[in-house]
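This report refers to the structure that appears directly beneath it.
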Amino acid sequence: MGVFGAMGVLLLAVTWFQVVKADDLRSDPRNPRPALSERGKERGVIITADGTVVARSVQASDARSFDREYPQGELLAHTVGYTSFLFGESGLEAVYAEELRSRRDLTISDLLAAVLGRDLRPQGLEITIDPILQRAAYDALGENRGAVVAIDPRTGAILASVTKPSFDPASLLADDASTAWTTLLNDEGRPLIDRATQELYAPGSTFKTVVTATAIDTGLADPSTEFDDPAQLELPGSTATISNFSGQPCSDGATATLLQAFVRSCNTVFGDLAMQLGAEEIGITAEALGFNREIEYPWSLPEAVWRTDDLEDDLAALAQSGIGERDVRATPLHMALVASTIAGGGVTPQPFVVRRIFDSSGETLEETAPKEIGRAMSPETASVLAQMMERVVTEGTGRRAAVPEVRVAGKTGTATGPGGFPNSWFIGFAPVDAPTIAFAVLVEGSPVAGENATGGTVAAPIAALVIETWLAGEQ
Amino acid sequence: MTRRAEAATIVAASGLAAFGVVLVNLAREGGVDAQVGLTFLVFVIAFGGVHLAARAWAPNATSLLLPPVVALTAIGFLEVYRLDSGRAGLQRWWLLIGASLAAVTLALLSTHTTSILRRYRNLTLLISVVLLLLPNLPSDWAVPLEGLELNGSRLWVVFDLGFTEMRFQPAELAKLGLVIFVASYLADHQRALREAHRRVGPIRVPEPRQLIPLLIAWGASVLILIWQRDLGASLLLFAGFVLLLYAATGATGYLVAGWFLGVFAGVASFLAFDHVQRRVVAWLAPFEHYQDEGFQIAQGIFALGTGSLSGAGPGLGRPDLIPNAATDFVFAAVGEELGFAGTVAVIALYALVVAVGLGVAFRSRDTFRKLLAAGLTLVFAVQVLLIIGGILRLVPLTGITLPFMSYGGSALVGNMILLALLMRISHEEAV
């Protein structure tokens, strides 16, 4: 009978929605149910290594429901994220939603688990961020827009991940959060965007570390190799030229060594060097450092860009890309990884934010073991590059990153920024002989940073504060 | 199944409704309240009453119909209570009224037998047409009986009693009257309809003039669609009629002709009416029109998906996010809170009711009773298929209620009488 055939079709359709597509439908961002059902329930705590609480659930005054609190407010908004019944979840709150949620929700499977003696209370996260360092970097950025990412080069642990401007996640939890949300969405400073890990910028002269590493690693040059020293580099097949920041030749106008060019950040020499190395050689180093590939992180990262294929036939673009402009792009996190690789003897570490997951009694359930992405350069190359970077701080463009009685290595960068205001970069690590911190500082071009902002004047002093704070905390 | 087993399942299903209320109370953390006892009592009185009426006036009636109906009513009541406890209180009153009318139906037919329905079929038709037209009364005239337009459809009649007003959808009762008329008409003309065929090659084609009743039903459906903007009743009426015509004659030509007429009317109304266009857009692309037309269907789908296998549990899901859940989307609410287990159970229970109804029709020796049982069951089945199919995006969503489960007094009363009719037919045929 047709009627029963039709009933059978109903059964198939209901199977489709409730069994086959159930997970997709449940996690569809437009479906408010998961967030609504989590509302008011206990969620796991998120702490730092020193026990500072960055997210917790406290019993509400009616004693039946829980309120989520973010005691550090704006400081860790992008990393920790939020869980809002109106706007969904972000950051670690979203990625670890399953671990952080309470399992006491009366479903049959949960009741079974309880009978079997499983722990239904939410699990907690311990993150690698050092709250004191994070605070220092956050304050050091001041009114600027920008980001600071610090990594422990020995493990890949993220020590700081600062984005400015930020927002208070608590403002998205209240019943009247819609206005706060609209304000954040319309803010031209885009406070919801995590500049540290989600925004791609031209790395400017900080990318010269990658070109230098390639040159030394391939044997094409060493710090004393001499290059032509014109005031302007004519680019083949193009009317464009490359000149130095000062508009002058790098050294005496005849020849300049690679070391001189690196310390003074001479564009002419590096444009020349990039063309000599070729897009492919630089690409090999860049990719080992995390460019053009996905990097595992709690959330998906945009890929840092080095366009080997396009640059192979376009020497002018290759020269411009060799000084970190044109088509090269990286997030502050990527550039911190570059610094971390040099600090760590040439091995690129796998970055991680969550150190361990623990149960309600504090017992560790899962611990992150340090991993490597791969080797980007030989230990010798890394060591030579480190010494060159130290000279940048002792006598070159990065002198304002110097910290008394600490051997600091670094590289400045100044790149085209928004509205004619240059973006300022500083990447580096310290102490040079046994590095415990590597970092990237990015200050976005804006009237606050000024028209004449450079990596050396704007970003380097922030780096100095970061190093000082970290080393003071280590003792 | 014996009458005694029937009584036991009625008590068990009433307990199911009451237990559902307990679970909803617990989920709200408000403590178990008097609603539990009240619900149990009303269910036992209502369905126990129908059971006793059947013992008294239709002792040989099948005892397979009442149990699945009580279970469906209990599951539906649980979700209506969970969505709107105020309306659930009203629904209990409607359940008592519906059960009383079912008992009255059984009592009346025990003295006159169903043949009285056949005898007064023209009166039945007249009453049905008047009932169908009632919502088209002006909304603002002085008489206390007024038509009312709700959610874009003109289905309601308001009976203003001064201190309060009663609303009902007369189409729910007209539906029964029309089935009675058509079954009786077809019973009289069955032979003529069955034998009047021409052969065009291998295909049997009905005589053109035998298509006239089909065209009349089609015309009536189209008129309902235009005047009352009720896609659901229109489809239901037409589909029910075509199926009954087919059941009476066995001529597939009617199915084919009905299909083409239906598609033609569907396409024409899609082009002509924007309320039909909105329905179709919401059916084909609910997620692309999530903010407006598609919102209700999309929320229904989310409810089903989130419910997954075992559901959130009574009172623990969020079916209240679906607009008009208690009237239009009870099935999705069941899917969210009772899960795949619940929806499969509901579909199986409906299949059981339809199977028993068709079984009654097949075993009937009298043509009128056969066609009446088939007609009532088919209209019931089409209604279930249209609304559940609409929620599952198999057909466009229509404003039809889910029999015995949705909130709605007129529908519940109509379906209780339908139940009584089927039980009575099975009694008469069992003698």
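In the structure tokens, each chain is lettered A, B, ... as it comes, each chain's residues begin at 1, and ligands are numbered from 1 in order of appearance.
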
With a distance cut-off of 9 Å and only C-alpha atoms, select the neighbouring residues of Asn25 in chain B, excluding the residue or stretch itself and same-chain residues fewer than 6 positions from it, and output the selection as a list in words. Gly31, Val32, Asp33, Val36, Arg82 and Gly315 of chain B

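CA of Leu385 in chain A is positioned 18.0 Å from CA of Glu287 in chain A.
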
Between CA of His112 in chain B and CA of Ser426 in chain B, what is the distance, to one decimal in Å? 15.3 Å

How close does chain B get to chain A? List, as a tab-separated table, each residue of chain B within 7 Å, its nearest atom pair and the distance in Å to one decimal, counting only C-alpha atoms.
```
residue	atom	partner	partner_atom	distance
B:Phe302	CA	A:Leu25	CA	5.6
B:Leu304	CA	A:Gln18	CA	5.6
B:Gly305	CA	A:Ala22	CA	4.1
B:Thr306	CA	A:Arg26	CA	4.7
B:Gly307	CA	A:Gln18	CA	6.8
B:Ser308	CA	A:Gln18	CA	4.5
B:Leu309	CA	A:Gln18	CA	6.4
B:Ala312	CA	A:Thr107	CA	6.3
B:Gly313	CA	A:Thr107	CA	6.9
B:Arg318	CA	A:Arg33	CA	6.6
B:Phe340	CA	A:Gln18	CA	5.9
B:Val344	CA	A:Leu11	CA	6.7
B:Ala351	CA	A:Met7	CA	7.0
B:Gly389	CA	A:Leu10	CA	6.5
B:Leu392	CA	A:Ala13	CA	6.3
```

For Thr341 in chain A, work out the shell of residues within 9 Å, counting only C-alpha atoms and skipping chain neighbours fewer than 3 positions away, then give it as a ChimeraX atom specification. /A:153,289,336-338,344-349,375-377,382,438

Give me a file of those residues, with C-alpha atoms, as a PDB file, in the first residue's frame.
```
ATOM      1  CA  PRO A 153      62.022  28.339  22.155  1.00  0.00           C
ATOM      2  CA  LEU A 289      59.745  27.911   9.150  1.00  0.00           C
ATOM      3  CA  ALA A 336      57.643  34.645  16.583  1.00  0.00           C
ATOM      4  CA  LEU A 337      58.131  31.090  15.329  1.00  0.00           C
ATOM      5  CA  VAL A 338      60.930  32.326  13.035  1.00  0.00           C
ATOM      6  CA  GLY A 344      66.443  27.034  19.260  1.00  0.00           C
ATOM      7  CA  GLY A 345      69.348  26.153  16.960  1.00  0.00           C
ATOM      8  CA  GLY A 346      67.378  25.848  13.725  1.00  0.00           C
ATOM      9  CA  VAL A 347      64.523  23.583  14.754  1.00  0.00           C
ATOM     10  CA  THR A 348      61.018  25.023  14.413  1.00  0.00           C
ATOM     11  CA  PRO A 349      58.935  24.067  17.456  1.00  0.00           C
ATOM     12  CA  ARG A 375      64.498  21.669  10.909  1.00  0.00           C
ATOM     13  CA  ALA A 376      64.690  24.956   9.007  1.00  0.00           C
ATOM     14  CA  MET A 377      68.459  25.579   9.074  1.00  0.00           C
ATOM     15  CA  ALA A 382      71.299  29.493  13.452  1.00  0.00           C
ATOM     16  CA  ALA A 438      61.578  34.327  21.587  1.00  0.00           C
TER      17      ALA A 438
END
```

Using only C-alpha atoms, can you tell me which of B:Arg118, B:Phe273, B:Tyr407, B:Ala171 comes closest to Ser85 in chain B? B:Tyr407

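For the choices B:Ala265, B:Ala430, B:Leu117, B:Ala411, the atom-to-atom distance to Tyr185 in chain B is smallest for B:Leu117 when using only C-alpha atoms.
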
Set the distance at 10 Å and use only C-alpha atoms: which residues neighbour Phe238 in chain B once local chain neighbours fewer than 5 positions away are removed? I'd like the list as a list in words. Leu214, Leu215, Ile216, Ala217, Trp218, Gly219, Ala220, Ser221, Val222, Ala233, Leu243, Leu244, Gly258, Trp259, Leu261, Gly262 and Val379 of chain B

Output of the above residues as a short mmCIF file (atom, residue, chain, number, x, y, z; two decimals), in the first residue's frame, restricted to N, CA and C atoms:
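Everything below was put into result17.cif:
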```cif
data_model
loop_
_atom_site.label_atom_id
_atom_site.label_comp_id
_atom_site.auth_asym_id
_atom_site.auth_seq_id
_atom_site.Cartn_x
_atom_site.Cartn_y
_atom_site.Cartn_z
N LEU B 214 -14.87 14.38 -9.77
CA LEU B 214 -13.46 14.71 -9.50
C LEU B 214 -13.22 16.20 -9.70
N LEU B 215 -13.79 16.71 -10.80
CA LEU B 215 -13.59 18.13 -11.10
C LEU B 215 -14.29 19.02 -10.06
N ILE B 216 -15.43 18.56 -9.56
CA ILE B 216 -16.13 19.35 -8.54
C ILE B 216 -15.28 19.44 -7.27
N ALA B 217 -14.74 18.28 -6.84
CA ALA B 217 -13.89 18.28 -5.64
C ALA B 217 -12.67 19.17 -5.85
N TRP B 218 -12.13 19.08 -7.06
CA TRP B 218 -10.96 19.88 -7.37
C TRP B 218 -11.30 21.36 -7.27
N GLY B 219 -12.46 21.72 -7.87
CA GLY B 219 -12.90 23.11 -7.84
C GLY B 219 -13.09 23.59 -6.41
N ALA B 220 -13.69 22.74 -5.58
CA ALA B 220 -13.92 23.13 -4.19
C ALA B 220 -12.61 23.38 -3.47
N SER B 221 -11.63 22.51 -3.73
CA SER B 221 -10.32 22.68 -3.09
C SER B 221 -9.67 23.99 -3.49
N VAL B 222 -9.78 24.29 -4.79
CA VAL B 222 -9.18 25.54 -5.27
C VAL B 222 -9.87 26.74 -4.63
N ALA B 233 -5.87 22.37 4.20
CA ALA B 233 -7.21 21.80 4.05
C ALA B 233 -7.49 21.50 2.60
N LEU B 243 -8.05 9.63 -3.47
CA LEU B 243 -7.72 8.31 -2.95
C LEU B 243 -8.97 7.47 -2.74
N LEU B 244 -10.02 8.12 -2.24
CA LEU B 244 -11.26 7.40 -1.99
C LEU B 244 -11.89 6.96 -3.32
N GLY B 258 -5.97 12.85 -11.06
CA GLY B 258 -5.89 13.64 -9.83
C GLY B 258 -4.50 14.24 -9.64
N TRP B 259 -3.51 13.45 -9.97
CA TRP B 259 -2.13 13.93 -9.85
C TRP B 259 -1.91 15.15 -10.74
N LEU B 261 -4.19 17.16 -12.10
CA LEU B 261 -4.99 18.30 -11.65
C LEU B 261 -4.33 18.97 -10.44
N GLY B 262 -3.84 18.15 -9.53
CA GLY B 262 -3.20 18.67 -8.33
C GLY B 262 -1.95 19.47 -8.67
N VAL B 379 -8.06 9.94 4.95
CA VAL B 379 -7.94 11.37 5.29
C VAL B 379 -7.02 11.54 6.49
#
```

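With only C-alpha atoms as the atoms that count, the minimum distance from Leu83 in chain B to the choices B:Arg3, B:Arg55, B:Arg28, B:Arg121 is reached by B:Arg28.
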
Looking only at helix (DSSP H, G or I) from DSSP on the backbone, list the matching residues of range 14-150 of chain A as a ChimeraX atom specification. /A:14-20,22-27,33-38,73-80,91-95,97-100,108-115,131-141

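Between CA of Ile46 in chain A and CA of Leu333 in chain A the separation is 21.9 Å.
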
Selection near range 304-314 of chain A, 10 Å with only C-alpha atoms, sequence-local residues under 6 positions removed, as an NGL selection string: :A and (199-202 or 235-238 or 275 or 278-284 or 286-287 or 289-295 or 320-322 or 324 or 327-335)

Quick one: everything within 12 Å of Leu155 in chain B, counting only C-alpha atoms, minus sequence neighbours fewer than 4 positions away in the same chain. Send it as a PyMOL selection string. chain B and resi 131-137+139+146-151+167-172+174+224-225+227-234+399-400+410

Produce a table with one row for each residue of range 14-115 of chain A that has an atom at most 10 Å from any atom of range 185-193 of chain A, each row naming the nearest atom pair and its distance in Å at one decimal; use only C-alpha atoms; arrange rows by chain and rising residue number; format as JSON lines.
```
{"residue": "A:Ala77", "atom": "CA", "partner": "A:Leu192", "partner_atom": "CA", "distance": 8.7}
{"residue": "A:His78", "atom": "CA", "partner": "A:Leu192", "partner_atom": "CA", "distance": 7.5}
{"residue": "A:Gly81", "atom": "CA", "partner": "A:Leu192", "partner_atom": "CA", "distance": 9.8}
```
